[in-house]
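Colleague: Dropping in coords-v6.txt, which is compact mmCIF, C-alpha atoms:
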```txt
# COMPACT_ATOMS: atom_id res chain seq x y z
CA MET L 89 -29.08 0.36 -1.15
CA ASP L 90 -29.05 -2.71 -3.39
CA LEU L 91 -28.46 -5.88 -1.34
CA ALA L 92 -25.95 -7.05 -3.96
CA ILE L 93 -23.83 -3.93 -3.34
CA ILE L 94 -23.91 -4.48 0.42
CA LEU L 95 -22.89 -8.12 0.04
CA SER L 96 -20.11 -7.17 -2.39
CA ALA L 97 -18.75 -4.54 0.01
CA ALA L 98 -18.92 -6.99 2.94
CA SER L 99 -17.16 -9.69 0.92
CA MET L 100 -14.41 -7.34 -0.23
CA THR L 101 -13.92 -6.06 3.33
CA LEU L 102 -13.36 -9.63 4.46
CA VAL L 103 -10.93 -10.23 1.58
CA VAL L 104 -8.93 -7.08 2.37
CA ALA L 105 -8.85 -7.89 6.10
CA LEU L 106 -7.70 -11.47 5.51
CA ARG L 107 -5.10 -10.30 2.99
CA TYR L 108 -3.74 -7.83 5.54
CA LEU L 109 -3.69 -10.38 8.37
CA ALA L 110 -2.01 -13.00 6.18
CA ALA L 111 0.65 -10.70 4.71
CA SER L 112 1.43 -8.75 7.87
CA GLY L 113 1.30 -11.90 9.97
CA ALA L 114 3.71 -13.74 7.65
CA PHE L 115 6.25 -10.92 7.63
CA ALA L 116 5.85 -10.33 11.38
CA TRP L 117 6.68 -14.02 11.85
CA LEU L 118 9.68 -13.61 9.55
CA THR L 119 10.77 -10.57 11.56
CA GLY L 120 10.64 -12.66 14.72
CA ARG L 121 12.82 -15.29 13.07
CA ARG L 122 15.35 -12.86 11.61
CA LYS L 123 15.29 -10.23 14.35
CA PRO L 124 14.47 -11.99 17.63
CA GLY L 125 13.12 -9.60 20.22
CA TYR L 126 12.51 -6.76 17.74
CA HIS L 127 8.79 -6.70 18.57
CA GLY L 128 9.31 -7.68 22.19
CA ALA L 129 8.19 -4.44 23.83
CA LEU L 130 5.79 -3.34 21.08
CA GLY L 131 2.70 -5.35 22.06
CA PRO L 132 0.43 -2.34 22.80
CA GLN L 133 1.58 -0.57 19.64
CA ILE L 134 0.96 -3.66 17.49
CA ARG L 135 -2.55 -4.05 18.92
CA ARG L 136 -3.27 -0.42 17.96
CA GLU L 137 -1.85 -1.04 14.47
CA ILE L 138 -4.09 -4.07 13.98
CA GLY L 139 -7.16 -2.17 15.21
CA TRP L 140 -6.60 0.80 12.88
CA SER L 141 -5.74 -1.57 10.03
CA LEU L 142 -8.95 -3.59 10.35
CA LEU L 143 -10.92 -0.34 10.32
CA SER L 144 -9.00 0.62 7.17
CA ALA L 145 -9.88 -2.78 5.68
CA ALA L 146 -13.57 -1.95 6.08
CA ILE L 147 -13.01 1.38 4.33
CA TYR L 148 -11.03 -0.23 1.50
CA GLY L 149 -13.71 -2.88 1.13
CA ILE L 150 -16.47 -0.42 0.23
CA PRO L 151 -15.07 0.90 -3.10
CA ALA L 152 -13.67 -2.55 -3.87
CA GLY L 153 -17.16 -4.00 -3.39
CA LEU L 154 -18.66 -1.33 -5.63
CA VAL L 155 -16.15 -2.20 -8.34
CA TYR L 156 -16.93 -5.90 -8.04
CA TRP L 157 -20.64 -5.19 -8.27
CA ALA L 158 -20.19 -2.84 -11.24
CA TRP L 159 -18.09 -5.46 -13.02
CA GLN L 160 -20.29 -8.48 -12.30
CA GLU L 161 -23.75 -6.91 -12.41
CA ARG L 162 -23.36 -4.02 -14.85
CA GLY L 163 -20.26 -4.72 -16.91
CA ALA L 164 -19.38 -1.09 -16.26
CA THR L 165 -15.63 -1.43 -15.66
CA LEU L 166 -12.69 -1.96 -18.01
CA LEU L 167 -11.75 -5.22 -16.28
CA TYR L 168 -11.51 -8.11 -18.72
CA THR L 169 -10.95 -11.87 -18.55
CA ASN L 170 -10.32 -12.73 -22.20
CA TRP L 171 -6.57 -12.62 -22.82
CA ARG L 172 -7.22 -11.69 -26.44
CA ALA L 173 -9.38 -8.67 -25.66
CA TYR L 174 -6.32 -6.43 -25.98
CA PRO L 175 -2.95 -6.92 -27.74
CA LEU L 176 -0.49 -9.03 -25.79
CA TRP L 177 1.98 -6.12 -25.63
CA TYR L 178 -0.58 -4.27 -23.52
CA LEU L 179 -0.62 -7.00 -20.86
CA PRO L 180 2.63 -5.90 -19.12
CA LEU L 181 1.94 -2.22 -19.83
CA ALA L 182 -1.28 -2.10 -17.78
CA PRO L 183 0.31 -2.90 -14.38
CA ILE L 184 3.08 -0.38 -15.06
CA LEU L 185 0.45 2.30 -15.70
CA TYR L 186 -1.42 1.34 -12.53
CA LEU L 187 1.73 1.46 -10.40
CA LEU L 188 2.90 4.77 -11.85
CA ILE L 189 -0.49 6.45 -11.43
CA HIS L 190 -0.96 5.03 -7.93
CA ASP L 191 2.55 6.12 -6.98
CA THR L 192 1.89 9.65 -8.23
CA TRP L 193 -1.35 9.91 -6.27
CA PHE L 194 0.31 8.52 -3.16
CA TYR L 195 3.31 10.85 -3.34
CA TRP L 196 1.27 14.03 -3.57
CA THR L 197 -1.44 13.09 -1.06
CA HIS L 198 1.20 11.76 1.34
CA ARG L 199 3.21 14.95 1.04
CA LEU L 200 0.04 17.00 1.64
CA MET L 201 -0.68 15.00 4.77
CA HIS L 202 2.64 16.10 6.21
CA ARG L 203 1.49 19.69 6.41
CA PRO L 204 1.05 20.37 10.14
CA SER L 205 -2.76 20.71 10.25
CA TRP L 206 -3.35 17.73 7.96
CA PHE L 207 -0.76 15.68 9.83
CA ARG L 208 -2.46 16.21 13.19
CA ARG L 209 -5.91 15.36 11.80
CA MET L 210 -4.99 12.39 9.59
CA HIS L 211 -1.45 11.13 9.32
CA ALA L 212 -0.35 11.18 12.96
CA VAL L 213 -2.07 7.81 13.49
CA HIS L 214 0.31 6.15 11.04
CA HIS L 215 3.40 7.82 12.48
CA ALA L 216 2.42 6.81 16.00
CA SER L 217 4.13 3.53 15.11
CA ARG L 218 7.64 4.06 16.47
CA PRO L 219 9.28 2.06 15.08
CA PRO L 220 6.93 0.84 12.35
CA THR L 221 6.30 -2.88 12.23
CA ALA L 222 4.92 -5.31 9.66
CA TRP L 223 1.47 -4.67 11.17
CA ALA L 224 1.62 -0.90 10.42
CA ALA L 225 1.15 -1.04 6.65
CA MET L 226 -2.59 -0.23 6.87
CA SER L 227 -2.59 1.55 10.22
CA PHE L 228 -4.36 4.71 9.04
CA HIS L 229 -6.84 7.25 10.30
CA PRO L 230 -10.12 6.75 8.39
CA TRP L 231 -9.63 9.94 6.36
CA GLU L 232 -6.22 8.73 5.22
CA ALA L 233 -7.63 5.28 4.48
CA ILE L 234 -10.20 6.88 2.17
CA THR L 235 -7.46 8.58 0.12
CA GLY L 236 -5.78 5.21 -0.37
CA ALA L 237 -8.95 3.20 -0.95
CA ILE L 238 -10.26 5.08 -3.99
CA VAL L 239 -7.30 5.01 -6.39
CA ILE L 240 -7.29 1.46 -7.79
CA PRO L 241 -11.12 1.26 -7.88
CA LEU L 242 -11.24 4.47 -9.95
CA LEU L 243 -8.54 3.24 -12.32
CA VAL L 244 -10.53 0.17 -13.39
CA PHE L 245 -13.05 2.54 -14.98
CA VAL L 246 -10.45 4.35 -17.10
CA VAL L 247 -7.49 1.99 -17.67
CA PRO L 248 -8.21 -1.52 -19.01
CA ILE L 249 -6.59 -4.37 -17.12
CA HIS L 250 -6.94 -8.15 -17.03
CA VAL L 251 -8.41 -9.42 -13.76
CA ALA L 252 -5.40 -11.65 -13.07
CA ILE L 253 -2.98 -8.77 -13.67
CA LEU L 254 -5.02 -6.58 -11.32
CA GLY L 255 -4.59 -9.31 -8.72
CA LEU L 256 -0.81 -9.09 -9.21
CA VAL L 257 -0.93 -5.30 -8.76
CA LEU L 258 -2.86 -5.70 -5.50
CA LEU L 259 -0.45 -8.40 -4.33
CA LEU L 260 2.54 -6.17 -5.06
CA MET L 261 0.85 -3.24 -3.31
CA THR L 262 0.25 -5.39 -0.23
CA ILE L 263 3.74 -6.89 -0.08
CA MET L 264 5.53 -3.57 -0.59
CA GLY L 265 3.30 -1.89 1.98
CA VAL L 266 4.19 -4.52 4.56
CA THR L 267 7.88 -5.04 3.78
CA ASN L 268 8.58 -1.30 3.68
CA HIS L 269 7.38 -1.03 7.29
CA MET L 270 9.17 -4.01 8.82
CA GLY L 271 11.97 -1.90 10.27
CA TRP L 272 14.66 -4.04 8.66
CA GLU L 273 15.84 -4.62 5.11
CA MET L 274 15.00 -8.02 3.68
CA PHE L 275 16.61 -7.45 0.29
CA PRO L 276 20.36 -7.95 -0.30
CA ARG L 277 22.51 -4.87 0.24
CA ARG L 278 23.95 -5.15 -3.26
CA LEU L 279 20.42 -4.86 -4.70
CA VAL L 280 19.33 -1.98 -2.45
CA HIS L 281 22.47 -0.02 -3.37
CA SER L 282 22.36 -0.93 -7.07
CA ALA L 283 21.14 1.23 -9.96
CA LEU L 284 17.73 -0.48 -9.69
CA GLY L 285 17.65 0.12 -5.95
CA GLY L 286 18.17 3.79 -6.65
CA TRP L 287 14.72 3.97 -8.23
CA VAL L 288 12.65 1.38 -6.32
CA ILE L 289 11.53 1.85 -2.72
CA THR L 290 12.39 -0.72 -0.10
CA ALA L 291 12.42 -0.66 3.71
CA SER L 292 15.72 1.23 3.86
CA HIS L 293 14.21 4.15 1.95
CA HIS L 294 10.86 4.24 3.73
CA GLN L 295 12.47 3.86 7.15
CA ARG L 296 14.18 7.22 6.55
CA HIS L 297 10.72 8.73 6.08
CA HIS L 298 9.65 7.45 9.50
CA GLU L 299 12.85 8.83 10.99
CA LYS L 300 12.76 12.32 9.44
CA TYR L 301 9.08 12.71 8.38
CA ARG L 302 9.57 15.42 5.70
CA CYS L 303 11.20 13.29 3.01
CA ASN L 304 10.90 10.03 1.04
CA TYR L 305 7.16 10.24 0.34
CA GLY L 306 6.91 7.68 -2.49
CA LEU L 307 5.18 4.31 -2.46
CA TYR L 308 6.81 2.19 -5.17
CA PHE L 309 9.34 4.39 -6.94
CA ARG L 310 11.74 7.20 -6.04
CA HIS L 311 11.35 9.37 -9.16
CA TRP L 312 8.93 11.91 -7.60
CA ASP L 313 11.14 12.28 -4.54
CA ARG L 314 14.13 12.81 -6.81
CA LEU L 315 12.35 15.29 -9.08
CA CYS L 316 10.98 17.29 -6.14
CA GLY L 317 14.11 17.25 -4.00
CA THR L 318 12.55 15.21 -1.19
CA ASP L 319 14.70 12.10 -1.55
CA GLU L 320 17.07 11.89 1.42
CA GLY L 321 18.47 8.48 0.67
CA LEU L 322 18.46 5.37 2.82
CA SER L 323 18.25 4.84 6.54
CA GLU L 324 21.51 3.95 8.21
CA ALA L 325 19.69 2.23 11.07
CA ILE L 326 18.64 -0.87 9.13
```
What does this structure look like when you write it as structure tokens?
Modeller:
Amino acid sequence: MDLAIILSAASMTLVVALRYLAASGAFAWLTGRRKPGYHGALGPQIRREIGWSLLSAAIYGIPAGLVYWAWQERGATLLYTNWRAYPLWYLPLAPILYLLIHDTWFYWTHRLMHRPSWFRRMHAVHHASRPPTAWAAMSFHPWEAITGAIVIPLLVFVVPIHVAILGLVLLLMTIMGVTNHMGWEMFPRRLVHSALGGWVITASHHQRHHEKYRCNYGLYFRHWDRLCGTDEGLSEAI
């Protein structure tokens, strides 16, 4: 294998791992400030979450490294750095497309992983977090990590996006992944229960998934859950 590919994969693995540790660590600290004692008896669980998550970071780093190599060495992606390469109206459209496509992929693969045989082999690792914590966002079995690791890297070959906007998409993905697993709702109640809150996923919605398992499968938005009859509303526990 080309040394440049190996170095790219190693670099991206480090980036993903540090991003996870920084985001999860920051929101775990915030949890400790807002909910003293919430993590008090969860030390062994959190250590497992961090271990699985760092393994997931290595898996996420491989396709990310391949994308970086393909972009830098081959110019083979649709990533761009010149703001004028596409019309300005396309700039905000690209992240919306990425989030909608990613959300669709996540909903259907997540729902598939809740079939009994798939759940035992793949998804049970994630649901072993009872209750989920800020460290659980990437706590996946390797097979599940692979399903999550390939989506954004594949999209950069088919949907043009500015590098900076891609960074915002990845930041949003990271923050939502962490905040939806904190076990408490950081957003104001009036927002969560507003018309906007009825379509966007926050911790209250995802917590219900960890309580009942066979509902609320979405990642960013609630439209697939609503269309497919799997939306069971918000958790009353947080």
Colleague: Which is closest to L:Phe115 among L:His250, L:Thr221, L:Glu320, L:His281, if we use all atoms listed in the file?
Modeller: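 Using all atoms listed in the file, L:Phe115 sits closest to L:Thr221.
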Colleague: Please determine, counting all atoms listed in the file, which residue among L:Lys300, L:Arg277, L:His202, L:His269 has the shortest atom-to-atom distance to L:Met226.
Modeller: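 Closest residue, counting all atoms listed in the file: L:His269.
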Colleague: Find the residues around L:Gly113 up to 12 Å (only C-alpha atoms counted), leave out those fewer than 6 positions away in its own chain, and share them as a list in words.
Modeller: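 That gives Ala105, Leu106, Arg107, Thr119, Gly120, Ile134, Ile138, Thr221, Ala222, Trp223, Ala224, Ala225, Ile263, Val266, Thr267 and Met270 of chain L.
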Colleague: Would you write out those residues with C-alpha atoms, as a compact mmCIF listing (two decimals), in the frame of the given file?
Modeller:
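part_29.txt written:
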```txt
# COMPACT_ATOMS: atom_id res chain seq x y z
CA ALA L 105 -8.85 -7.89 6.10
CA LEU L 106 -7.70 -11.47 5.51
CA ARG L 107 -5.10 -10.30 2.99
CA THR L 119 10.77 -10.57 11.56
CA GLY L 120 10.64 -12.66 14.72
CA ILE L 134 0.96 -3.66 17.49
CA ILE L 138 -4.09 -4.07 13.98
CA THR L 221 6.30 -2.88 12.23
CA ALA L 222 4.92 -5.31 9.66
CA TRP L 223 1.47 -4.67 11.17
CA ALA L 224 1.62 -0.90 10.42
CA ALA L 225 1.15 -1.04 6.65
CA ILE L 263 3.74 -6.89 -0.08
CA VAL L 266 4.19 -4.52 4.56
CA THR L 267 7.88 -5.04 3.78
CA MET L 270 9.17 -4.01 8.82
```
Colleague: With 12 Å as the threshold, what does the neighbourhood of (13.8, 8.3, 11.0) contain in terms of residues, counting only C-alpha atoms? Coordinates are those of the file; answer as a PyMOL selection string.
Modeller: chain L and resi 215+217-220+269+271+291-304+320-326
Colleague: Using only C-alpha atoms, which residue out of L:Met100, L:Val280, L:Ala116, L:Leu154 lies closest to L:Pro241?
Modeller: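 Comparing L:Met100, L:Val280, L:Ala116, L:Leu154 against L:Pro241, the winner is L:Leu154.
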Colleague: Determine the nearest neighbour of L:Leu258 from the options L:Ile240, L:Phe309, L:Gly128, L:Ile189, counting only C-alpha atoms.
Modeller: L:Ile240
Colleague: For L:Phe207, which of L:Tyr108, L:Trp312, L:Tyr168, L:Trp231 is the closest residue, counting only C-alpha atoms?
Modeller: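 Counting only C-alpha atoms, the residue closest to L:Phe207 is L:Trp231.
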Colleague: Closest to L:Trp196 among L:Leu254, L:Arg278, L:Gly236, L:Ser144, using all atoms listed in the file?
Modeller: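 Using all atoms listed in the file, L:Trp196 sits closest to L:Gly236.
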Colleague: Calculate how many Å separate atom CA of L:Leu260 from atom CA of L:His190, rounding to one decimal.
Modeller: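 Straight-line distance from atom CA of L:Leu260 to atom CA of L:His190 works out to 12.1 Å.
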Colleague: So how many Å separate atom CA of L:Ala98 and atom CA of L:Ala145, to one decimal?
Modeller: 10.3 Å
Colleague: In Å to one decimal, how far is atom CA of L:Ala129 from atom CA of L:Met261?
Modeller: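 The value is 28.1 Å.
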